[in-house]
$ cat run-v6.csv   # CSV, C-alpha atoms and all ligand atoms
chain,number,residue,atom,x,y,z
F,1,MET,CA,0.0,0.0,0.0
F,2,ASN,CA,1.2,3.5,-0.9
F,3,THR,CA,2.3,5.5,2.2
F,4,TYR,CA,1.6,9.2,1.8
F,5,ASN,CA,4.0,11.7,3.2
F,6,VAL,CA,1.0,13.6,4.5
F,7,ILE,CA,-2.8,13.1,4.6
F,8,ILE,CA,-4.9,16.1,5.3
F,9,ILE,CA,-8.3,15.4,6.7
F,10,GLY,CA,-10.8,18.2,5.9
F,11,SER,CA,-11.4,20.6,3.1
F,12,GLY,CA,-12.2,24.0,4.6
F,13,PRO,CA,-9.7,26.9,4.4
F,14,ALA,CA,-7.3,25.1,6.8
F,15,GLY,CA,-7.3,21.9,4.8
F,16,TYR,CA,-6.9,23.4,1.4
F,17,THR,CA,-4.2,25.8,2.5
F,18,ALA,CA,-2.3,22.9,4.1
F,19,GLY,CA,-2.8,21.1,0.8
F,20,LEU,CA,-1.5,24.0,-1.2
F,21,TYR,CA,1.6,24.4,0.9
F,22,THR,CA,2.5,20.7,1.2
F,23,ALA,CA,1.9,20.2,-2.6
F,24,ARG,CA,4.2,23.1,-3.4
F,25,ALA,CA,6.8,21.5,-1.1
F,26,ASN,CA,6.5,18.4,-3.4
F,27,LEU,CA,5.1,16.3,-0.5
F,28,GLU,CA,2.3,15.0,-2.8
F,29,PRO,CA,-0.4,15.3,-0.2
F,30,LEU,CA,-3.7,13.5,-0.1
F,31,ILE,CA,-6.7,15.6,1.0
F,32,ILE,CA,-9.6,13.6,2.3
F,33,CYS,CA,-12.4,16.1,1.7
F,34,GLY,CA,-15.5,14.4,3.1
F,35,TYR,CA,-18.7,14.0,1.1
F,36,GLN,CA,-19.5,17.7,1.4
F,37,ALA,CA,-16.3,19.4,0.5
F,38,GLY,CA,-15.5,23.0,1.4
F,39,GLY,CA,-16.4,23.4,5.0
F,40,GLN,CA,-18.6,26.0,6.7
F,41,LEU,CA,-18.0,28.7,4.0
F,42,THR,CA,-20.0,26.7,1.5
F,43,LEU,CA,-23.0,27.4,3.7
F,44,THR,CA,-22.6,31.1,3.6
F,45,SER,CA,-23.1,33.7,0.9
F,46,GLU,CA,-21.0,36.9,0.6
F,47,VAL,CA,-17.6,36.9,2.3
F,48,GLU,CA,-16.2,40.4,2.7
F,49,ASN,CA,-13.4,39.8,5.2
F,50,PHE,CA,-11.1,37.4,3.3
F,51,PRO,CA,-8.1,39.6,2.1
F,52,GLY,CA,-7.6,39.8,-1.6
F,53,PHE,CA,-11.2,40.2,-2.6
F,54,PRO,CA,-12.1,43.9,-2.2
F,55,GLU,CA,-15.5,43.4,-3.8
F,56,GLY,CA,-16.2,40.4,-1.6
F,57,ILE,CA,-16.6,36.8,-2.9
F,58,LEU,CA,-19.3,34.2,-2.4
F,59,GLY,CA,-18.3,31.5,0.2
F,60,PRO,CA,-18.7,28.5,-2.2
F,61,GLN,CA,-16.7,30.3,-4.9
F,62,LEU,CA,-13.9,31.1,-2.4
F,63,MET,CA,-13.7,27.4,-1.5
F,64,GLU,CA,-13.8,26.3,-5.1
F,65,ASN,CA,-10.8,28.7,-5.8
F,66,MET,CA,-8.9,27.2,-2.8
F,67,LYS,CA,-9.6,23.7,-4.1
F,68,LYS,CA,-8.3,24.6,-7.6
F,69,GLN,CA,-5.2,26.2,-6.2
F,70,ALA,CA,-4.3,23.1,-4.1
F,71,THR,CA,-4.9,20.7,-7.0
F,72,LYS,CA,-3.0,22.9,-9.5
F,73,PHE,CA,0.2,22.0,-7.5
F,74,GLY,CA,-0.6,18.3,-7.3
F,75,ALA,CA,-2.6,17.8,-4.2
F,76,GLN,CA,-4.7,14.7,-4.6
F,77,LEU,CA,-8.4,14.9,-3.5
F,78,ILE,CA,-10.8,12.2,-2.5
F,79,PHE,CA,-14.4,12.8,-1.5
F,80,LYS,CA,-14.9,10.3,1.2
F,81,GLU,CA,-15.7,10.4,4.9
F,82,VAL,CA,-13.1,9.4,7.5
F,83,THR,CA,-14.7,6.9,9.8
F,84,ALA,CA,-11.7,6.0,12.1
F,85,VAL,CA,-8.0,6.6,12.6
F,86,ASN,CA,-5.2,4.7,14.1
F,87,PHE,CA,-2.4,7.0,15.3
F,88,LYS,CA,-0.9,4.4,17.6
F,89,GLU,CA,0.9,2.6,14.8
F,90,ARG,CA,3.3,4.0,12.2
F,91,PRO,CA,2.6,4.6,9.4
F,92,PHE,CA,-0.6,6.2,10.7
F,93,LYS,CA,-3.8,4.7,9.4
F,94,VAL,CA,-6.8,6.7,8.1
F,95,ILE,CA,-9.9,4.6,7.5
F,96,VAL,CA,-12.7,5.6,5.2
F,97,ASP,CA,-16.0,3.8,4.3
F,98,ASP,CA,-14.5,1.5,1.7
F,99,GLY,CA,-10.8,1.3,2.5
F,100,GLU,CA,-7.7,2.5,4.3
F,101,TYR,CA,-4.9,5.0,3.7
F,102,GLN,CA,-1.6,5.3,5.4
F,103,ALA,CA,0.7,8.2,6.0
F,104,LYS,CA,3.9,9.4,7.7
F,105,SER,CA,2.1,12.5,9.0
F,106,VAL,CA,-1.5,13.8,9.2
F,107,ILE,CA,-2.9,17.3,9.4
F,108,ILE,CA,-6.4,17.3,11.0
F,109,ALA,CA,-8.5,20.2,9.7
F,110,THR,CA,-12.0,18.9,10.2
F,111,GLY,CA,-13.3,22.2,11.6
F,112,SER,CA,-16.3,22.7,13.8
F,113,TYR,CA,-19.9,23.5,13.3
F,114,ALA,CA,-22.1,26.0,14.9
F,115,ARG,CA,-24.9,24.5,17.0
F,116,MET,CA,-28.2,25.4,15.3
F,117,LEU,CA,-31.6,26.0,16.9
F,118,GLY,CA,-33.2,23.0,15.3
F,119,VAL,CA,-36.2,25.0,14.1
F,120,GLU,CA,-37.8,24.3,10.7
F,121,ASN,CA,-36.5,26.5,7.8
F,122,GLU,CA,-33.3,27.8,9.6
F,123,LYS,CA,-31.2,26.3,6.9
F,124,LYS,CA,-33.1,28.1,4.2
F,125,PHE,CA,-32.3,31.5,5.9
F,126,TYR,CA,-28.6,30.7,6.5
F,127,GLY,CA,-26.8,33.6,4.7
F,128,ARG,CA,-30.1,35.3,4.1
F,129,GLY,CA,-30.4,37.1,7.4
F,130,LEU,CA,-29.4,34.2,9.6
F,131,SER,CA,-25.8,34.0,10.7
F,132,THR,CA,-23.5,32.2,13.1
F,133,CYS,CA,-20.7,34.7,12.9
F,134,ALA,CA,-21.0,38.4,13.9
F,135,THR,CA,-17.4,39.2,12.9
F,136,CYS,CA,-18.3,38.0,9.4
F,137,ASP,CA,-21.8,39.5,9.0
F,138,ALA,CA,-22.6,42.3,11.4
F,139,ALA,CA,-21.6,45.0,8.9
F,140,PHE,CA,-24.5,43.8,6.7
F,141,PHE,CA,-26.9,45.0,9.4
F,142,LYS,CA,-26.1,48.7,9.6
F,143,ASP,CA,-29.0,50.6,11.2
F,144,ARG,CA,-31.2,47.5,11.2
F,145,LYS,CA,-32.8,45.4,14.0
F,146,VAL,CA,-31.3,42.1,14.9
F,147,ALA,CA,-31.7,39.3,17.4
F,148,VAL,CA,-28.9,37.3,19.0
F,149,VAL,CA,-29.8,33.9,20.5
F,150,GLY,CA,-27.9,32.5,23.4
F,151,GLY,CA,-26.7,33.5,26.9
F,152,GLY,CA,-23.0,32.6,26.9
F,153,ASP,CA,-19.8,34.5,26.3
F,154,SER,CA,-20.2,34.1,22.5
F,155,ALA,CA,-23.7,35.6,22.5
F,156,MET,CA,-22.6,38.6,24.6
F,157,GLU,CA,-19.5,39.2,22.4
F,158,GLU,CA,-21.7,38.9,19.3
F,159,ALA,CA,-24.3,41.3,20.7
F,160,LEU,CA,-21.7,43.8,21.7
F,161,PHE,CA,-20.0,43.6,18.3
F,162,ILE,CA,-23.3,43.9,16.3
F,163,SER,CA,-24.3,46.9,18.4
F,164,ARG,CA,-21.6,48.9,16.6
F,165,PHE,CA,-23.7,48.5,13.5
F,166,ALA,CA,-27.3,47.7,14.2
F,167,SER,CA,-29.9,50.1,15.6
F,168,GLU,CA,-31.2,47.5,18.1
F,169,VAL,CA,-30.0,44.2,19.3
F,170,GLN,CA,-32.4,41.8,21.1
F,171,VAL,CA,-30.8,39.0,23.0
F,172,ILE,CA,-33.1,36.0,23.3
F,173,HIS,CA,-32.2,33.7,26.1
F,174,ARG,CA,-34.0,30.5,27.3
F,175,ARG,CA,-33.4,31.2,31.0
F,176,ASP,CA,-33.6,34.3,33.2
F,177,ALA,CA,-29.8,34.5,33.9
F,178,LEU,CA,-26.9,34.6,31.6
F,179,ARG,CA,-24.1,32.0,31.5
F,180,ALA,CA,-21.6,34.6,30.2
F,181,SER,CA,-18.8,35.9,32.4
F,182,LYS,CA,-19.5,38.8,34.7
F,183,VAL,CA,-17.4,41.3,32.7
F,184,LEU,CA,-19.2,40.5,29.4
F,185,GLN,CA,-22.6,40.6,31.1
F,186,ASP,CA,-21.9,44.0,32.6
F,187,ARG,CA,-20.8,45.4,29.3
F,188,ALA,CA,-23.9,44.1,27.6
F,189,PHE,CA,-26.2,45.4,30.3
F,190,LYS,CA,-24.7,48.8,30.1
F,191,ASN,CA,-25.1,49.0,26.3
F,192,ASP,CA,-28.2,51.1,25.4
F,193,LYS,CA,-28.7,49.3,22.1
F,194,ILE,CA,-28.8,45.8,23.7
F,195,LYS,CA,-32.1,44.6,25.2
F,196,PHE,CA,-32.9,41.2,26.7
F,197,ILE,CA,-35.9,38.9,26.2
F,198,TRP,CA,-35.7,36.2,29.0
F,199,ASN,CA,-37.1,32.7,29.3
F,200,THR,CA,-37.8,32.6,25.6
F,201,VAL,CA,-37.0,30.4,22.7
F,202,VAL,CA,-37.2,30.8,18.9
F,203,ARG,CA,-40.0,28.7,17.4
F,204,GLN,CA,-39.7,29.8,13.8
F,205,ILE,CA,-37.8,32.1,11.4
F,206,LEU,CA,-40.1,34.3,9.4
F,207,GLY,CA,-39.6,35.8,5.9
F,208,GLU,CA,-39.9,35.0,2.2
F,209,ARG,CA,-36.3,35.2,0.8
F,210,PHE,CA,-34.7,37.0,3.7
F,211,VAL,CA,-35.4,37.1,7.5
F,212,THR,CA,-38.1,39.6,8.4
F,213,GLY,CA,-38.9,38.3,11.9
F,214,ILE,CA,-38.9,35.5,14.4
F,215,GLU,CA,-41.7,33.7,16.3
F,216,LEU,CA,-40.9,33.5,20.0
F,217,GLU,CA,-42.3,31.3,22.8
F,218,ASN,CA,-42.1,32.3,26.4
F,219,ILE,CA,-41.3,29.0,28.2
F,220,ILE,CA,-42.9,30.1,31.5
F,221,ASP,CA,-46.4,31.1,30.3
F,222,ARG,CA,-46.2,29.5,26.8
F,223,SER,CA,-47.2,32.7,25.2
F,224,ILE,CA,-46.3,33.2,21.5
F,225,SER,CA,-45.1,36.5,20.1
F,226,THR,CA,-43.6,37.8,16.9
F,227,LEU,CA,-40.5,40.0,16.8
F,228,GLU,CA,-39.8,42.0,13.6
F,229,ILE,CA,-36.1,41.9,12.9
F,230,ASN,CA,-33.8,41.9,9.8
F,231,GLY,CA,-31.3,39.4,11.1
F,232,VAL,CA,-30.8,36.7,13.6
F,233,PHE,CA,-27.4,35.6,15.0
F,234,VAL,CA,-27.4,32.1,16.5
F,235,ALA,CA,-24.7,32.0,19.2
F,236,ILE,CA,-25.5,28.9,21.2
F,237,GLY,CA,-22.0,27.3,21.0
F,238,HIS,CA,-19.9,25.3,18.6
F,239,GLU,CA,-18.9,21.6,18.3
F,240,PRO,CA,-15.5,20.6,17.0
F,241,LYS,CA,-15.6,17.6,14.7
F,242,THR,CA,-13.3,15.4,16.7
F,243,LYS,CA,-15.4,12.3,17.5
F,244,ILE,CA,-13.2,10.0,15.4
F,245,PHE,CA,-10.0,11.2,17.2
F,246,GLN,CA,-11.2,10.3,20.7
F,247,GLY,CA,-8.6,8.1,22.3
F,248,GLU,CA,-6.1,8.8,19.6
F,249,ILE,CA,-4.9,12.3,20.5
F,250,ALA,CA,-5.5,14.7,23.4
F,251,LEU,CA,-8.8,16.6,23.3
F,252,ASP,CA,-9.8,19.3,25.8
F,253,ALA,CA,-12.9,19.3,27.9
F,254,HIS,CA,-15.0,20.8,25.1
F,255,GLY,CA,-13.7,18.2,22.5
F,256,TYR,CA,-11.2,20.6,20.8
F,257,ILE,CA,-7.8,19.2,19.8
F,258,VAL,CA,-5.1,20.2,22.2
F,259,ALA,CA,-2.3,21.6,20.0
F,260,ASP,CA,0.3,24.3,20.3
F,261,GLN,CA,0.6,27.3,18.0
F,262,SER,CA,2.4,25.4,15.4
F,263,GLY,CA,-0.3,22.8,15.3
F,264,LYS,CA,1.6,20.0,17.0
F,265,THR,CA,-0.6,17.6,19.0
F,266,ASP,CA,0.5,15.2,21.7
F,267,VAL,CA,1.3,12.6,19.0
F,268,GLU,CA,4.5,13.3,17.0
F,269,GLY,CA,3.6,13.6,13.3
F,270,ILE,CA,0.0,14.5,13.9
F,271,PHE,CA,-0.9,18.2,13.4
F,272,ALA,CA,-4.1,20.1,13.8
F,273,ALA,CA,-5.2,23.3,12.0
F,274,GLY,CA,-8.2,25.6,11.9
F,275,ASP,CA,-11.4,25.6,14.0
F,276,VAL,CA,-10.9,22.1,15.2
F,277,LYS,CA,-8.3,23.5,17.6
F,278,ASP,CA,-9.5,27.1,17.8
F,279,PHE,CA,-12.7,28.0,19.7
F,280,ARG,CA,-11.7,31.6,19.9
F,281,TYR,CA,-11.1,33.2,16.4
F,282,ARG,CA,-12.9,30.8,14.0
F,283,GLN,CA,-12.2,32.9,10.9
F,284,ALA,CA,-11.5,31.7,7.4
F,285,ILE,CA,-8.3,33.6,7.4
F,286,THR,CA,-7.1,32.4,10.8
F,287,ALA,CA,-7.9,28.8,9.7
F,288,ALA,CA,-6.0,29.3,6.4
F,289,GLY,CA,-3.1,30.7,8.4
F,290,SER,CA,-3.0,27.8,10.7
F,291,GLY,CA,-3.2,25.4,7.7
F,292,CYS,CA,-0.1,27.0,6.3
F,293,ILE,CA,1.7,26.7,9.7
F,294,ALA,CA,0.9,23.0,10.0
F,295,ALA,CA,2.1,22.4,6.5
F,296,LEU,CA,5.4,24.1,7.2
F,297,GLU,CA,5.8,22.1,10.4
F,298,VAL,CA,5.0,18.8,8.5
F,299,ALA,CA,7.8,19.6,6.1
F,300,VAL,CA,10.2,20.0,9.0
F,301,TYR,CA,8.9,16.9,10.7
F,302,LEU,CA,9.3,14.8,7.5
F,303,SER,CA,12.8,16.0,6.8
F,304,GLU,CA,13.9,15.2,10.4
F,305,ASN,CA,12.3,11.8,10.5
F,401,LIG,P1,-21.7,28.2,25.8
F,401,LIG,O1,-20.9,28.8,26.9
F,401,LIG,O2,-21.9,26.8,25.8
F,401,LIG,O3,-23.1,29.0,25.8
F,401,LIG,C1,-24.1,28.6,25.0
F,401,LIG,C2,-25.4,29.4,25.3
F,401,LIG,O4,-26.4,29.1,24.4
F,401,LIG,C3,-25.9,29.1,26.7
F,401,LIG,O5,-26.4,30.3,27.3
F,401,LIG,C4,-27.0,28.1,26.5
F,401,LIG,O6,-28.1,28.3,27.4
F,401,LIG,C5,-27.5,28.6,25.1
F,401,LIG,N1,-28.1,27.4,24.4
F,401,LIG,C6,-27.5,26.2,24.1
F,401,LIG,N2,-28.3,25.5,23.4
F,401,LIG,C7,-29.4,26.2,23.1
F,401,LIG,C8,-30.6,25.9,22.4
F,401,LIG,N3,-30.8,24.8,21.7
F,401,LIG,N4,-31.5,26.9,22.3
F,401,LIG,C9,-31.3,28.1,23.0
F,401,LIG,N5,-30.2,28.4,23.7
F,401,LIG,C10,-29.3,27.4,23.8
F,401,LIG,O7,-21.1,28.6,24.4
F,401,LIG,P2,-20.2,29.8,23.9
F,401,LIG,O8,-20.8,31.1,24.4
F,401,LIG,O9,-20.0,29.7,22.4
F,401,LIG,O10,-18.8,29.6,24.6
F,401,LIG,C11,-18.1,28.4,24.5
F,401,LIG,C12,-16.8,28.5,25.3
F,401,LIG,O11,-16.0,29.5,24.8
F,401,LIG,C13,-17.1,28.8,26.8
F,401,LIG,O12,-16.2,28.2,27.6
F,401,LIG,C14,-16.8,30.3,26.8
F,401,LIG,O13,-16.5,30.8,28.1
F,401,LIG,C15,-15.7,30.4,25.8
F,401,LIG,N6,-15.7,31.8,25.2
F,401,LIG,C16,-15.0,32.8,25.8
F,401,LIG,C17,-15.0,34.1,25.4
F,401,LIG,C18,-14.2,35.1,26.1
F,401,LIG,O14,-13.6,34.8,27.1
F,401,LIG,N7,-14.2,36.4,25.7
F,401,LIG,C19,-15.7,34.4,24.2
F,401,LIG,C20,-16.4,33.4,23.5
F,401,LIG,C21,-16.4,32.1,24.1
F,401,LIG,P3,-28.0,27.9,28.9
F,401,LIG,O15,-27.2,29.0,29.6
F,401,LIG,O16,-29.4,27.8,29.4
F,401,LIG,O17,-27.2,26.6,28.9
$ encode --input "run-v6.csv" --output "structure tokens"
Amino acid sequence: MNTYNVIIIGSGPAGYTAGLYTARANLEPLIICGYQAGGQLTLTSEVENFPGFPEGILGPQLMENMKKQATKFGAQLIFKEVTAVNFKERPFKVIVDDGEYQAKSVIIATGSYARMLGVENEKKFYGRGLSTCATCDAAFFKDRKVAVVGGGDSAMEEALFISRFASEVQVIHRRDALRASKVLQDRAFKNDKIKFIWNTVVRQILGERFVTGIELENIIDRSISTLEINGVFVAIGHEPKTKIFQGEIALDAHGYIVADQSGKTDVEGIFAAGDVKDFRYRQAITAAGSGCIAALEVAVYLSEN
């Protein structure tokens, strides 16, 4: 069986950038893309904060460009799902539905996904008024009314950030107390633009093509109301895609891969890049940057081993 120098698992900005750099270093990487290649950006519409595109670019187009650029330099792509790994033996084993690959090194770039509300039609409005990233999309809501769902640190940070643009920010939280740290709570309470709707959940997103409102349910008295808004930011947490790595490499209490800034994990030769090791920044550009770093580190690792 062919032993690859490096297998990259994942095809978001981190995976494709790692593919580009390792391909240009003549390492002939294999990228296992998953069935739905391209990561979270394929779910979004306009991306205005990826440098190099002053007019903005559609998320799926940006990912298509990254894919082309990686393959242009010889990265091999397969569109299969990794079902298991064995990092205890060398070469490392990466198992997919119908076979197995082996490699001297692996870059894990499987990303994370934003938890969604689970209400009917929220997928339809993703990128059409519904967002999971204020840093990416708040500027689209200048002088408009938006809601933020959640009561944790992310929800408060998103609400505070959006308040720089929006005319009004309604935080919808399912309890009557926030989970967020005291300092962020205080900042949000002091902000005139931020209002709170307690003990309430979102039942439905309203609108034709774009969000025009949300239907809310008060979970104490079960009353239903409608809130007219132009945007809804879902900030109820993220889940890293690390199930298949449990027991193979160190994960933190939230399931993120424990890795240093260069992407090194606790297993020599296994590197991590992008959102799968980063709960803080979660940007396409930071993921791409960490994919580049992991690729450079892989080149060093392979030359030393
Ligand atoms: P989180 O702390 O897990 O908070 C999630 C929030 O969403 C909670 O308020 C939760 O409600 C609510 N929620 C969860 N599922 C829901 C559902 N289905 N419907 C409605 N509401 C739901 O997540 P996070 O805010 O993303 O933070 C993740 C971690 O990153 C935390 O450890 C946090 O401290 C850290 N973080 C830190 C900073 C910072 O230090 N500046 C910034 C961002 C994140 P309940 O409260 O009722 O459970």
$ residues_near_ligand --input "run-v6.csv" --ligand "ligand LIG 401 (chain F)" --cutoff "8 Å" --atoms "all atoms listed in the file" --output "ChimeraX atom specification"
/F:115-118,149-157,173-175,177-181,184,201-202,235-238,254,279-280
$ atom_distance --input "run-v6.csv" --atom1 "atom CA of F:Gln76" --atom2 "atom CA of F:Ser45"
27.0 Å
$ atom_distance --input "run-v6.csv" --atom1 "atom CA of F:Asn191" --atom2 "atom CA of F:Gly213"
22.6 Å
$ residues_around --input "run-v6.csv" --residues "F:Val85" --least-positions-apart "5" --cutoff "12 Å" --atoms "all atoms listed in the file" --output "ChimeraX atom specification"
/F:7,9,90-97,99-103,106,108,242-249,270
$ closest_residue --input "run-v6.csv" --among "F:Lys182, F:Glu297, F:Ile172, F:Asp252" --to "F:Asn199" --atoms "all atoms listed in the file"
F:Ile172
$ closest_residue --input "run-v6.csv" --among "F:Leu227, F:Ala84, F:Val169, F:Ala284" --to "F:Thr44" --atoms "only C-alpha atoms"
F:Ala284
$ residues_around --input "run-v6.csv" --residues "F:Gly19" --least-positions-apart "2" --cutoff "10 Å" --atoms "only C-alpha atoms" --output "PyMOL selection string"
chain F and resi 6-11+13-17+21-25+27-31+66-67+69-71+73-77+107+291-292+295
$ write_last_selection --input "run-v6.csv" --atoms "C-alpha atoms" --output "short mmCIF file (atom, residue, chain, number, x, y, z; two decimals), keeping the file's coordinate frame"
data_model
loop_
_atom_site.label_atom_id
_atom_site.label_comp_id
_atom_site.auth_asym_id
_atom_site.auth_seq_id
_atom_site.Cartn_x
_atom_site.Cartn_y
_atom_site.Cartn_z
CA VAL F 6 1.00 13.60 4.50
CA ILE F 7 -2.80 13.10 4.60
CA ILE F 8 -4.90 16.10 5.30
CA ILE F 9 -8.30 15.40 6.70
CA GLY F 10 -10.80 18.20 5.90
CA SER F 11 -11.40 20.60 3.10
CA PRO F 13 -9.70 26.90 4.40
CA ALA F 14 -7.30 25.10 6.80
CA GLY F 15 -7.30 21.90 4.80
CA TYR F 16 -6.90 23.40 1.40
CA THR F 17 -4.20 25.80 2.50
CA TYR F 21 1.60 24.40 0.90
CA THR F 22 2.50 20.70 1.20
CA ALA F 23 1.90 20.20 -2.60
CA ARG F 24 4.20 23.10 -3.40
CA ALA F 25 6.80 21.50 -1.10
CA LEU F 27 5.10 16.30 -0.50
CA GLU F 28 2.30 15.00 -2.80
CA PRO F 29 -0.40 15.30 -0.20
CA LEU F 30 -3.70 13.50 -0.10
CA ILE F 31 -6.70 15.60 1.00
CA MET F 66 -8.90 27.20 -2.80
CA LYS F 67 -9.60 23.70 -4.10
CA GLN F 69 -5.20 26.20 -6.20
CA ALA F 70 -4.30 23.10 -4.10
CA THR F 71 -4.90 20.70 -7.00
CA PHE F 73 0.20 22.00 -7.50
CA GLY F 74 -0.60 18.30 -7.30
CA ALA F 75 -2.60 17.80 -4.20
CA GLN F 76 -4.70 14.70 -4.60
CA LEU F 77 -8.40 14.90 -3.50
CA ILE F 107 -2.90 17.30 9.40
CA GLY F 291 -3.20 25.40 7.70
CA CYS F 292 -0.10 27.00 6.30
CA ALA F 295 2.10 22.40 6.50
#
$ closest_residue --input "run-v6.csv" --among "F:Arg203, F:Arg164, F:Arg128, F:Lys68" --to "F:Phe233" --atoms "only C-alpha atoms"
F:Arg128
$ residues_near_point --input "run-v6.csv" --point "(-16.2, 41.0, 2.5)" --cutoff "12 Å" --atoms "only C-alpha atoms" --output "MDAnalysis selection string"
chainID F and resid 44:59 62 135:140 284:285
$ closest_residue --input "run-v6.csv" --among "F:Ala272, F:Ala18, F:Ile32, F:Leu41" --to "F:Ile78" --atoms "only C-alpha atoms"
F:Ile32
$ closest_residue --input "run-v6.csv" --among "F:Lys195, F:Lys142, F:Arg209, F:Lys88" --to "F:Gly127" --atoms "all atoms listed in the file"
F:Arg209
$ axis_aligned_box --input "run-v6.csv" --around "stretch 278-292 of chain F" --padding-each-side "4 Å" --output "JSON"
{"center_x": -6.5, "center_y": 29.5, "center_z": 13.1, "size_x": 20.8, "size_y": 16.2, "size_z": 21.6}
$ closest_residue --input "run-v6.csv" --among "F:Gly12, F:Gly111, F:Pro60, F:Gly207" --to "F:Lys124" --atoms "all atoms listed in the file"
F:Gly207
$ atom_distance --input "run-v6.csv" --atom1 "atom CA of F:Gln261" --atom2 "atom CA of F:Ala294"
9.1 Å
$ residues_near_point --input "run-v6.csv" --point "(-16.7, 21.6, 1.3)" --cutoff "9 Å" --atoms "only C-alpha atoms" --output "PyMOL selection string"
chain F and resi 10-12+33-43+60+63-64
$ write_last_selection --input "run-v6.csv" --atoms "C-alpha atoms" --output "mmCIF file, in the frame of the given file"
data_model
loop_
_atom_site.group_PDB
_atom_site.id
_atom_site.type_symbol
_atom_site.label_atom_id
_atom_site.label_comp_id
_atom_site.auth_asym_id
_atom_site.auth_seq_id
_atom_site.Cartn_x
_atom_site.Cartn_y
_atom_site.Cartn_z
ATOM 1 C CA GLY F 10 -10.800 18.200 5.900
ATOM 2 C CA SER F 11 -11.400 20.600 3.100
ATOM 3 C CA GLY F 12 -12.200 24.000 4.600
ATOM 4 C CA CYS F 33 -12.400 16.100 1.700
ATOM 5 C CA GLY F 34 -15.500 14.400 3.100
ATOM 6 C CA TYR F 35 -18.700 14.000 1.100
ATOM 7 C CA GLN F 36 -19.500 17.700 1.400
ATOM 8 C CA ALA F 37 -16.300 19.400 0.500
ATOM 9 C CA GLY F 38 -15.500 23.000 1.400
ATOM 10 C CA GLY F 39 -16.400 23.400 5.000
ATOM 11 C CA GLN F 40 -18.600 26.000 6.700
ATOM 12 C CA LEU F 41 -18.000 28.700 4.000
ATOM 13 C CA THR F 42 -20.000 26.700 1.500
ATOM 14 C CA LEU F 43 -23.000 27.400 3.700
ATOM 15 C CA PRO F 60 -18.700 28.500 -2.200
ATOM 16 C CA MET F 63 -13.700 27.400 -1.500
ATOM 17 C CA GLU F 64 -13.800 26.300 -5.100
#
$ residues_around --input "run-v6.csv" --residues "F:Val171" --least-positions-apart "5" --cutoff "6 Å" --atoms "all atoms listed in the file" --output "ChimeraX atom specification"
/F:147-149,196
